[in-house]
Structure formats: C-alpha cells, structure tokens
>>> print(open('final.cif').read())   # mmCIF, C-alpha atoms
data_final
loop_
_atom_site.label_atom_id
_atom_site.label_comp_id
_atom_site.auth_asym_id
_atom_site.auth_seq_id
_atom_site.Cartn_x
_atom_site.Cartn_y
_atom_site.Cartn_z
CA MET A 1 13.55 -38.48 25.13
CA LYS A 2 16.92 -37.48 23.73
CA ASP A 3 17.77 -41.14 23.30
CA LEU A 4 14.53 -41.71 21.48
CA VAL A 5 15.23 -38.85 19.04
CA GLN A 6 18.71 -40.22 18.49
CA ARG A 7 17.52 -43.75 17.99
CA PHE A 8 15.01 -42.74 15.37
CA GLN A 9 17.28 -40.22 13.65
CA PRO A 10 18.25 -42.58 10.78
CA VAL A 11 14.57 -43.23 10.03
CA THR A 12 13.64 -39.55 10.39
CA THR A 13 16.45 -38.64 8.00
CA LEU A 14 15.23 -41.19 5.48
CA PHE A 15 11.71 -39.82 5.83
CA ALA A 16 12.95 -36.23 5.38
CA ARG A 17 14.90 -37.20 2.26
CA LEU A 18 11.89 -38.92 0.77
CA VAL A 19 9.54 -36.02 1.53
CA LEU A 20 11.84 -33.29 0.18
CA GLY A 21 13.11 -35.44 -2.69
CA GLY A 22 9.62 -36.66 -3.51
CA VAL A 23 8.13 -33.17 -3.71
CA LEU A 24 11.03 -31.99 -5.87
CA LEU A 25 10.68 -35.06 -8.10
CA VAL A 26 6.99 -34.43 -8.72
CA ALA A 27 7.44 -30.67 -9.14
CA GLY A 28 10.39 -31.05 -11.51
CA GLY A 29 8.84 -33.93 -13.42
CA LEU A 30 5.54 -32.16 -14.07
CA LYS A 31 7.34 -29.05 -15.30
CA VAL A 32 10.10 -30.65 -17.32
CA ILE A 33 7.65 -32.13 -19.80
CA LYS A 34 6.15 -28.68 -20.41
CA PRO A 35 9.12 -26.29 -20.63
CA THR A 36 7.11 -23.53 -22.33
CA GLU A 37 4.57 -23.47 -19.54
CA SER A 38 7.38 -23.32 -16.99
CA ALA A 39 9.06 -20.40 -18.79
CA ASN A 40 5.74 -18.52 -18.95
CA ALA A 41 5.12 -19.25 -15.27
CA VAL A 42 8.42 -17.69 -14.17
CA ALA A 43 7.83 -14.65 -16.38
CA ALA A 44 4.44 -14.15 -14.68
CA TYR A 45 6.22 -13.32 -11.38
CA LYS A 46 7.58 -10.18 -13.09
CA LEU A 47 10.78 -10.35 -11.05
CA LEU A 48 13.32 -10.95 -13.81
CA PRO A 49 13.83 -9.51 -17.29
CA THR A 50 11.84 -11.66 -19.74
CA ASN A 51 14.80 -13.51 -21.26
CA LEU A 52 16.27 -14.36 -17.90
CA ALA A 53 12.87 -15.44 -16.60
CA HIS A 54 12.46 -17.83 -19.52
CA LEU A 55 15.92 -19.29 -18.94
CA THR A 56 15.10 -19.77 -15.28
CA GLY A 57 11.86 -21.46 -16.26
CA TYR A 58 13.76 -23.88 -18.48
CA ALA A 59 16.47 -24.58 -15.91
CA LEU A 60 14.40 -24.93 -12.74
CA PRO A 61 12.70 -28.27 -13.49
CA TRP A 62 16.04 -29.87 -14.32
CA LEU A 63 17.58 -28.53 -11.13
CA GLU A 64 14.65 -29.85 -9.11
CA LEU A 65 14.94 -33.28 -10.74
CA ALA A 66 18.68 -33.46 -10.12
CA LEU A 67 18.25 -32.50 -6.46
CA ALA A 68 15.42 -35.01 -6.09
CA LEU A 69 17.52 -37.88 -7.40
CA LEU A 70 20.45 -37.00 -5.12
CA LEU A 71 18.21 -36.78 -2.06
CA ILE A 72 16.32 -39.97 -2.78
CA ALA A 73 19.44 -41.98 -3.60
CA GLY A 74 21.24 -40.51 -0.59
CA PHE A 75 24.18 -39.11 -2.50
CA MET A 76 25.78 -35.73 -1.71
CA ILE A 77 22.93 -35.21 0.74
CA ARG A 78 24.32 -32.21 2.56
CA PRO A 79 25.04 -30.08 -0.54
CA ALA A 80 21.72 -31.14 -2.08
CA ALA A 81 19.90 -30.17 1.14
CA VAL A 82 21.61 -26.78 1.16
CA VAL A 83 20.65 -26.03 -2.45
CA SER A 84 17.09 -27.33 -1.90
CA GLY A 85 16.74 -25.16 1.19
CA LEU A 86 18.01 -22.14 -0.69
CA ILE A 87 15.61 -22.57 -3.60
CA MET A 88 12.73 -22.98 -1.13
CA ILE A 89 13.71 -19.64 0.39
CA VAL A 90 13.77 -18.14 -3.11
CA PHE A 91 10.28 -19.58 -3.77
CA ILE A 92 8.97 -18.16 -0.49
CA ALA A 93 10.45 -14.74 -1.31
CA ALA A 94 9.04 -14.85 -4.85
CA ILE A 95 5.51 -15.72 -3.71
CA ALA A 96 5.66 -13.12 -0.92
CA SER A 97 6.78 -10.52 -3.44
CA VAL A 98 3.96 -11.38 -5.83
CA TRP A 99 1.49 -11.15 -2.96
CA ALA A 100 2.90 -7.82 -1.78
CA ARG A 101 2.75 -6.35 -5.27
CA GLY A 102 -0.90 -7.42 -5.63
CA LEU A 103 -0.29 -9.68 -8.61
CA LEU A 104 -2.67 -12.59 -9.05
CA ILE A 105 -0.90 -15.60 -10.47
CA ASP A 106 -0.82 -19.35 -10.35
CA CYS A 107 2.57 -20.09 -8.78
CA GLY A 108 3.27 -22.76 -11.37
CA CYS A 109 4.92 -24.78 -8.62
CA PHE A 110 3.71 -28.06 -10.08
CA GLY A 111 3.23 -27.02 -13.69
CA GLY A 112 0.69 -24.55 -15.02
CA GLY A 113 1.22 -20.95 -13.95
CA GLY A 114 0.44 -17.52 -15.32
CA ALA A 115 -1.82 -14.60 -14.51
CA LEU A 116 -5.23 -15.24 -12.98
CA ASP A 117 -8.53 -13.42 -13.19
CA ALA A 118 -9.27 -10.66 -10.67
CA SER A 119 -12.47 -12.44 -9.60
CA LEU A 120 -10.32 -15.13 -7.93
CA ALA A 121 -8.49 -12.69 -5.62
CA ALA A 122 -9.61 -14.07 -2.23
CA GLN A 123 -8.93 -17.64 -3.22
CA VAL A 124 -5.51 -16.80 -4.69
CA HIS A 125 -4.44 -14.99 -1.51
CA ARG A 126 -5.30 -18.05 0.54
CA THR A 127 -3.32 -20.19 -1.89
CA TYR A 128 -0.28 -17.90 -1.51
CA PHE A 129 -0.41 -18.42 2.24
CA ILE A 130 -0.63 -22.20 1.91
CA GLU A 131 2.24 -22.23 -0.59
CA ILE A 132 4.46 -20.19 1.71
CA MET A 133 3.66 -22.53 4.62
CA ARG A 134 4.40 -25.57 2.50
CA ASP A 135 7.71 -24.19 1.26
CA SER A 136 8.68 -23.18 4.80
CA GLY A 137 8.06 -26.74 5.92
CA LEU A 138 10.24 -28.03 3.10
CA ALA A 139 12.97 -25.51 3.95
CA LEU A 140 12.94 -26.80 7.56
CA THR A 141 13.15 -30.35 6.23
CA ALA A 142 16.23 -29.31 4.23
CA LEU A 143 17.69 -27.71 7.37
CA TYR A 144 17.19 -30.95 9.28
CA LEU A 145 19.00 -32.86 6.52
CA TYR A 146 21.88 -30.42 6.74
CA PHE A 147 22.39 -31.36 10.39
CA PHE A 148 21.50 -35.05 10.09
CA PRO A 149 22.33 -36.11 6.53
CA TYR A 150 23.05 -39.77 7.26
CA GLY A 151 20.29 -42.29 7.76
CA ASN A 152 18.75 -45.50 6.50
CA LEU A 153 18.87 -46.67 2.88
CA SER A 154 21.46 -44.16 1.86
CA TYR A 155 24.35 -44.43 -0.58
CA GLU A 156 26.35 -42.15 1.69
CA LYS A 157 27.14 -43.30 5.21
CA ALA A 158 28.42 -41.42 8.19
CA ALA A 159 32.23 -41.61 8.46
CA ALA A 160 31.96 -43.40 11.83
CA GLU A 161 30.05 -46.30 10.25
CA GLU A 162 32.69 -47.06 7.63
CA MET B 1 27.27 -32.95 -12.55
CA VAL B 2 24.10 -31.23 -11.40
CA LEU B 3 25.14 -28.18 -13.39
CA LEU B 4 25.66 -30.30 -16.49
CA VAL B 5 22.16 -31.75 -16.24
CA VAL B 6 20.67 -28.29 -15.81
CA VAL B 7 22.61 -26.70 -18.68
CA THR B 8 21.82 -29.55 -21.05
CA GLY B 9 18.17 -29.27 -20.11
CA VAL B 10 18.09 -25.54 -20.79
CA VAL B 11 19.76 -25.85 -24.19
CA PHE B 12 17.38 -28.67 -25.08
CA SER B 13 14.30 -26.63 -24.10
CA LEU B 14 15.49 -23.48 -25.86
CA MET B 15 16.16 -25.32 -29.11
CA GLY B 16 12.80 -27.07 -28.93
CA GLN B 17 11.03 -23.73 -28.46
CA ASN B 18 12.79 -22.07 -31.42
CA LYS B 19 12.18 -25.01 -33.66
CA LYS B 20 8.47 -25.10 -32.82
CA GLU B 21 8.07 -21.37 -33.46
CA ASN B 22 9.76 -21.47 -36.84
CA ALA B 23 7.83 -24.58 -37.82
CA SER B 24 4.58 -22.77 -36.99
CA LEU B 25 5.19 -20.46 -39.98
CA ALA B 26 4.41 -23.42 -42.24
CA ALA B 27 0.77 -22.94 -41.20
CA LEU B 28 0.75 -19.89 -43.50
CA ASP B 29 2.07 -21.73 -46.56
CA SER B 30 -1.32 -22.13 -48.19
CA THR B 31 -2.71 -18.75 -47.07
CA LYS B 32 -3.99 -16.56 -49.90
CA LEU B 33 -4.42 -12.84 -49.46
CA LYS B 34 -8.12 -11.94 -49.51
CA PRO B 35 -9.63 -8.82 -51.14
CA ALA B 36 -8.59 -5.66 -49.34
CA ILE B 37 -11.03 -3.98 -46.93
CA VAL B 38 -10.64 -0.29 -46.31
CA SER B 39 -10.34 0.44 -42.63
CA THR B 40 -10.50 3.68 -40.71
CA ILE B 41 -9.13 4.71 -37.36
CA ASP B 42 -11.91 5.67 -34.99
CA ALA B 43 -10.36 8.32 -32.78
CA ALA B 44 -13.53 8.69 -30.70
CA ASN B 45 -13.39 4.99 -29.87
CA GLY B 46 -9.87 4.62 -28.62
CA SER B 47 -8.30 4.79 -32.10
CA ALA B 48 -9.54 1.31 -32.92
CA ILE B 49 -9.14 -0.23 -36.36
CA THR B 50 -12.64 0.17 -37.75
CA LEU B 51 -14.08 -1.94 -40.54
CA ASN B 52 -17.43 -0.93 -42.14
CA ALA B 53 -17.75 2.34 -40.28
CA GLY B 54 -21.32 3.60 -39.97
CA GLN B 55 -23.39 0.41 -39.71
CA ALA B 56 -26.26 0.28 -37.22
CA LYS B 57 -24.81 -2.68 -35.35
CA THR B 58 -21.37 -2.44 -33.75
CA VAL B 59 -19.02 -5.07 -32.40
CA ASP B 60 -15.97 -3.95 -30.42
CA ILE B 61 -13.23 -6.53 -29.93
CA TRP B 62 -10.38 -5.87 -27.51
CA GLU B 63 -7.43 -8.17 -28.03
CA ASP B 64 -3.73 -8.54 -27.39
CA PRO B 65 -1.95 -10.42 -30.19
CA GLN B 66 -0.04 -12.50 -27.64
CA CYS B 67 -3.05 -13.44 -25.52
CA PRO B 68 -3.73 -17.19 -25.78
CA VAL B 69 -7.42 -16.86 -24.91
CA CYS B 70 -7.78 -14.34 -27.76
CA LYS B 71 -6.44 -17.04 -30.04
CA ASN B 72 -9.23 -19.34 -28.81
CA PHE B 73 -11.79 -16.59 -29.38
CA GLU B 74 -10.49 -16.06 -32.91
CA GLY B 75 -10.47 -19.81 -33.53
CA ALA B 76 -14.15 -20.12 -32.59
CA ASN B 77 -15.58 -16.86 -33.93
CA GLY B 78 -13.03 -15.46 -36.39
CA SER B 79 -14.72 -16.56 -39.60
CA TYR B 80 -18.13 -15.38 -38.38
CA ILE B 81 -16.66 -11.97 -37.55
CA GLU B 82 -15.07 -11.85 -40.99
CA SER B 83 -18.46 -12.57 -42.55
CA LEU B 84 -20.00 -9.70 -40.51
CA VAL B 85 -17.40 -7.45 -42.07
CA ARG B 86 -17.47 -8.74 -45.63
CA GLU B 87 -21.28 -8.88 -45.81
CA LYS B 88 -21.51 -5.43 -44.22
CA LYS B 89 -23.74 -6.63 -41.40
CA ALA B 90 -21.96 -4.69 -38.69
CA THR B 91 -19.26 -2.19 -37.91
CA VAL B 92 -16.42 -4.12 -36.34
CA ARG B 93 -13.81 -2.26 -34.31
CA PHE B 94 -10.59 -4.02 -33.36
CA HIS B 95 -8.85 -2.49 -30.34
CA VAL B 96 -5.34 -3.88 -30.62
CA LEU B 97 -3.81 -3.92 -27.15
CA SER B 98 -0.25 -4.47 -26.05
CA PHE B 99 -0.12 -5.01 -22.30
CA LEU B 100 1.63 -8.37 -22.55
CA GLY B 101 5.03 -6.92 -23.34
CA ASP B 102 7.30 -5.71 -26.11
CA GLU B 103 6.31 -8.38 -28.53
CA SER B 104 2.67 -7.31 -28.28
CA VAL B 105 3.74 -3.72 -28.98
CA ARG B 106 5.57 -4.80 -32.13
CA ALA B 107 2.73 -7.06 -33.28
CA ALA B 108 0.16 -4.33 -32.61
CA ASN B 109 2.23 -1.82 -34.58
CA ALA B 110 2.45 -4.27 -37.48
CA SER B 111 -1.33 -4.79 -37.26
CA PHE B 112 -1.92 -1.08 -37.79
CA CYS B 113 0.52 -1.18 -40.72
CA ALA B 114 -1.44 -4.07 -42.24
CA ALA B 115 -4.69 -2.15 -41.69
CA GLU B 116 -3.27 0.72 -43.73
CA GLU B 117 -2.76 -1.77 -46.58
CA GLY B 118 -6.40 -2.86 -46.24
CA GLN B 119 -5.28 -6.28 -45.03
CA TYR B 120 -5.91 -6.09 -41.30
CA LEU B 121 -8.03 -9.26 -41.09
CA ASP B 122 -5.52 -11.31 -43.08
CA PHE B 123 -2.66 -10.23 -40.85
CA HIS B 124 -4.72 -10.65 -37.68
CA GLN B 125 -5.54 -14.25 -38.65
CA ALA B 126 -1.91 -14.94 -39.57
CA LEU B 127 -0.68 -13.68 -36.17
CA TYR B 128 -3.00 -16.02 -34.30
CA ALA B 129 -2.05 -18.91 -36.60
CA VAL B 130 1.59 -18.60 -35.59
CA GLN B 131 1.19 -17.24 -32.03
CA SER B 132 3.91 -18.64 -29.79
CA PRO B 133 2.78 -20.34 -26.58
CA LEU B 134 5.69 -18.57 -24.87
CA GLU B 135 5.02 -14.85 -24.42
CA ASN B 136 7.83 -12.47 -25.39
CA SER B 137 10.03 -15.33 -26.53
CA GLY B 138 11.74 -13.14 -29.11
CA PHE B 139 9.81 -14.77 -31.95
CA TRP B 140 7.90 -11.66 -33.09
CA SER B 141 10.84 -9.50 -34.00
CA ASN B 142 10.08 -6.77 -36.52
CA ASP B 143 11.88 -8.78 -39.19
CA LYS B 144 9.75 -11.83 -38.46
CA LEU B 145 6.59 -9.71 -38.56
CA VAL B 146 7.60 -8.41 -41.99
CA ALA B 147 8.27 -12.00 -43.04
CA ILE B 148 4.84 -13.09 -41.80
CA GLY B 149 3.28 -10.29 -43.87
CA LYS B 150 5.28 -11.29 -46.93
CA LYS B 151 4.30 -14.91 -46.49
CA ILE B 152 0.58 -14.10 -46.72
CA GLY B 153 1.09 -11.61 -49.55
CA ILE B 154 1.58 -8.20 -47.90
CA SER B 155 4.86 -7.45 -49.58
CA SER B 156 4.94 -3.68 -50.13
CA THR B 157 8.01 -1.78 -48.95
CA LYS B 158 5.63 0.65 -47.27
CA PHE B 159 4.43 -2.12 -44.96
CA ALA B 160 7.96 -3.34 -44.23
CA ASN B 161 9.06 0.19 -43.49
CA CYS B 162 6.07 0.83 -41.25
CA VAL B 163 6.79 -2.33 -39.25
CA THR B 164 10.54 -1.94 -38.85
CA LYS B 165 10.38 1.76 -38.00
CA GLY B 166 7.43 1.34 -35.64
CA LEU B 167 5.52 4.07 -37.46
CA LYS B 168 2.21 3.29 -35.74
CA THR B 169 3.48 3.41 -32.18
CA ASP B 170 1.21 6.35 -31.38
CA MET B 171 -1.83 4.29 -32.43
CA VAL B 172 -0.63 1.40 -30.29
CA LYS B 173 -0.32 3.74 -27.35
CA ALA B 174 -3.72 5.34 -27.94
CA ASN B 175 -5.41 1.91 -27.98
CA TYR B 176 -3.67 0.84 -24.81
CA GLU B 177 -4.49 4.06 -23.01
CA SER B 178 -8.16 3.88 -23.92
CA MET B 179 -8.61 0.68 -21.89
CA SER B 180 -9.46 2.48 -18.66
CA LYS B 181 -11.88 4.82 -20.41
CA PHE B 182 -13.90 1.86 -21.63
CA GLY B 183 -13.42 -0.18 -18.45
CA VAL B 184 -11.51 -2.93 -20.21
CA LYS B 185 -9.38 -4.92 -17.78
CA GLY B 186 -8.40 -7.99 -19.77
CA THR B 187 -8.62 -9.65 -23.14
CA PRO B 188 -10.53 -10.77 -25.03
CA THR B 189 -13.29 -8.29 -24.18
CA VAL B 190 -16.19 -7.82 -26.54
CA PHE B 191 -18.90 -5.16 -26.65
CA ILE B 192 -21.97 -5.66 -28.85
CA ASN B 193 -23.71 -2.34 -29.57
CA GLY B 194 -21.66 -0.89 -26.73
CA LYS B 195 -22.86 -3.47 -24.23
CA LEU B 196 -20.37 -5.85 -22.60
CA TRP B 197 -20.79 -9.39 -23.88
CA GLU B 198 -20.44 -12.05 -21.20
CA ARG B 199 -20.09 -15.61 -22.32
CA LYS B 200 -22.02 -18.28 -20.43
CA SER B 201 -20.30 -21.39 -21.77
CA PRO B 202 -16.88 -22.41 -20.45
CA ASP B 203 -15.35 -22.24 -23.91
CA PHE B 204 -15.98 -19.95 -26.84
CA ASN B 205 -18.50 -21.35 -29.23
CA ILE B 206 -19.78 -19.87 -32.40
CA ALA B 207 -23.45 -20.57 -31.68
CA GLU B 208 -23.43 -18.52 -28.47
CA PHE B 209 -21.56 -15.60 -29.98
CA LYS B 210 -23.62 -15.56 -33.17
CA ALA B 211 -26.87 -15.58 -31.21
CA ALA B 212 -25.65 -12.66 -29.09
CA VAL B 213 -24.70 -10.59 -32.15
CA GLU B 214 -27.90 -11.39 -34.01
CA ALA B 215 -30.11 -10.60 -31.03
CA ALA B 216 -28.53 -7.17 -30.60
#
>>> encode(input="final.cif", output="structure tokens")
Amino acid sequence: MKDLVQRFQPVTTLFARLVLGGVLLVAGGLKVIKPTESANAVAAYKLLPTNLAHLTGYALPWLELALALLLIAGFMIRPAAVVSGLIMIVFIAAIASVWARGLLIDCGCFGGGGALDASLAAQVHRTYFIEIMRDSGLALTALYLYFFPYGNLSYEKAAAEE
Amino acid sequence: MVLLVVVTGVVFSLMGQNKKENASLAALDSTKLKPAIVSTIDAANGSAITLNAGQAKTVDIWEDPQCPVCKNFEGANGSYIESLVREKKATVRFHVLSFLGDESVRAANASFCAAEEGQYLDFHQALYAVQSPLENSGFWSNDKLVAIGKKIGISSTKFANCVTKGLKTDMVKANYESMSKFGVKGTPTVFINGKLWERKSPDFNIAEFKAAVEAA
C-alpha cells in the first residue's frame, strides 16, 4: 500500500496542483473582471474598515490568479501552496464569522457577493456549510502540496531528479 | 513578483473606480432645475420629507441613497412619482435612510438640505444618476455632494453650508430610527395608503406600480 501511494505520488501531486490552481484560476478570473463587485463583496463581511475592505477586494483576485498560475505551471509550488492554504483558512474564518454574527451574505467567492434577503436564511446557512467544507478540502490539498510539491508536468523538479 | 502583480492590479482597479465615478457626473450636464416644491417634515411619520401634505392618497417610500435596488426603483417609477407630486394626486413621503454607511448619512443629510431649498426631487434624481456601484467608496464626500447640487442648479450658500456642516443630522437619525416603528427592514420599501406594497414581477415596472397606486 505504501509503495502504491509512493508510486502514484507524482500523479496525485499533479492532480492536487490542478485542482487547487484551477479553483483559484476560476475564482480569481471571475472576480478580476469585476473589481467593484469584489470590493463590495469583501465589505459585506463587515470585518474590515471600509477602505481596507475595498483594497482587499481589489487585491484578492490578482493574488488568486498569481497563485493559480504558479501552481498550474509548477513553479515555486511550496510557497504558493503555503499562501493558498493560508488564504483558505482566512476564507473559512471569514465565512464562519459571518455565520456566527448572523449576517446573510453571498460569499462572493466566485464573483457576485453582498447582503442577501432575510427570506433566504435557511438556504444561506446551508451554503455557508458547503463553502466551509469546500475551502477545508482545498486547504488540505494545499497541505498535501506542501509535503509533496514535486510531481508530473512541473517546471520545478525534486533535487534528487536533477 | 506575486506582490508586484497584486499591487499593480490594485492600483489599476482603484484608478478605474475613481475615473468611472467622476465620469458619472457628466450625466448631470444637461440637467435643468425644475420648479421648486415646498416640502414639510412629517414628525408623526418618522420625520419623512413630505410633498403635498394633506392629500387623500399617500405613498411612503423608504430608500437609502446608496442602495442599488432603490436606483432601479427610481429608474422605473421615478417620473410617475414625480407626476403624482406635481399634479397633486397624492401625498408622497420620502423616508431617507442611511443604514449603508457613512456615505449614506452624508447623502441623506444633503437630501434634507435640498428639501429645505424646495428641490428635493431634483437632488434625489441627481443622486441616483451618479450613484457609485461601490458603496462607501469615498465618492460622496460633502464637497462632492455640494458640487452635485451646484451642477443641477442648487447653488445657494445656505445649501452648501447645510451639507458641509451636517446640519440635518438629527433628521437623518430620526428617519433611521423610525424604521423599526414602521416595520421597515430593507429598501426600497413602499407603503400605499399605509399598506405595504409587494411587487409581483421580478423587476420594477411602471405598469405594476401605477396600477397599485391608482387602485388604492
């Protein structure tokens, strides 16, 4: 079994890079074309002072895109995985905080965002749960890449292979 | 390198936002100030700006100047509401709310200042014409609100003074605080003859609203 895991590690790593990088690419890409929406979406979490929230909203899509390209190309994988993992933890904390404070918002994870109507409460709470599960999965993917950064189709290779 | 990409992106987005907001003021270039309408403050009704007090039919409109859906409501029904006022068909009360942040507070204050000049409707329309898609972006500073007034022809020093000094803050507060009394949870909320109006169509359309007002 251990051999099997080891044998498939390069493929698993490639898969992990494509999943994490792919999600970041889509999320960043959808937001980067609508910076205003993204800035409004961050402000809706009511965690940061308005100005800072808007700046975060402008910066986040670019950060996500940059991380996505690094992960997909297989360049600086370990640092990119660490930063991706950290922002996933921030996302989880932000959604949990919104949930705990009883705010009803669209997370704006893939564009959109903002406050939602009270009539949607049950549905929104379910969505929060799914979003937290999804981001936890992505954080674990990032953790895996921290330990096994080198795999197939990667610009970076393990030192031993050189 | 990653940092460079992110910083460039932020600067790019910020500049784009500012440029768009300032360009939106051009929408007011051809605006002409319409005849003044005397308004009163209805203390019994949450200190709303009241136009045509004393008519049999009443329409209460609860809005926040920064609320994007209120802009849609105004876009669909604004001219009909203006005709209700100008043709004295109904008493129209505008409850100017400010729960979307500081910029709503400033815009609401300026709205009360414009009402004092008899130009509430003009100013109200101008605000929606230039409303920024980004809430609390810093666009509606007091200076900019004075400039918006000047652009549509409200140029008295009294108005400018009222806006910059926030002289109507107590009215703004009274409107905001009356929300719970009237069971208003969001905007736009409309009451026709005191009865909550609920739209059936997904978007605001003039035919539906007009029919509701005329049937009341």
>>> closest_residue(input="final.cif", among="A:Val124, A:Ile89, A:Val82, A:Met133", to="Tyr146 of chain A", atoms="all atoms listed in the file")
A:Val82
>>> atom_distance(input="final.cif", atom1="atom CA of Gly186 of chain B", atom2="atom CA of Val96 of chain B")
12.0 Å
>>> interface_residues(input="final.cif", of="chain A", to="chain B", cutoff="12 Å", atoms="all atoms listed in the file", output="ChimeraX atom specification")
/A:28,31-44,46,49-70,75-76,79-80,83,114-119
>>> residues_near_point(input="final.cif", point="(1.8, -13.8, -37.8)", cutoff="10 Å", atoms="all atoms listed in the file", output="list in words")
Ser24, Leu25, Ala27, Leu28, Pro65, Ala107, Ala110, Ser111, Asp122, Phe123, His124, Gln125, Ala126, Leu127, Tyr128, Ala129, Val130, Gln131, Ser132, Phe139, Trp140, Lys144, Leu145, Val146, Ala147, Ile148, Gly149, Lys151 and Ile152 of chain B
>>> residues_near_point(input="final.cif", point="(10.1, -28.4, 8.2)", cutoff="12 Å", atoms="only C-alpha atoms", output="list of chain:residue names")
A:Thr12, A:Phe15, A:Ala16, A:Arg17, A:Val19, A:Leu20, A:Gly85, A:Met88, A:Ile132, A:Met133, A:Arg134, A:Asp135, A:Ser136, A:Gly137, A:Leu138, A:Ala139, A:Leu140, A:Thr141, A:Ala142, A:Leu143, A:Tyr144, A:Leu145
>>> atom_distance(input="final.cif", atom1="atom CA of Val5 of chain A", atom2="atom CA of Tyr150 of chain A")
14.2 Å
>>> residues_around(input="final.cif", residues="segment 69-75 of chain B", least_positions_apart="6", cutoff="7 Å", atoms="all atoms listed in the file", output="list in words")
Glu63, Tyr128, Thr187, Pro188 and Phe204 of chain B
>>> resolve_selection(input="final.cif", expression="the PyMOL selection byres ((chain A and resi 10) around 10)", output="number ranges by chain")
A: 5-9, 11-16, 148-154
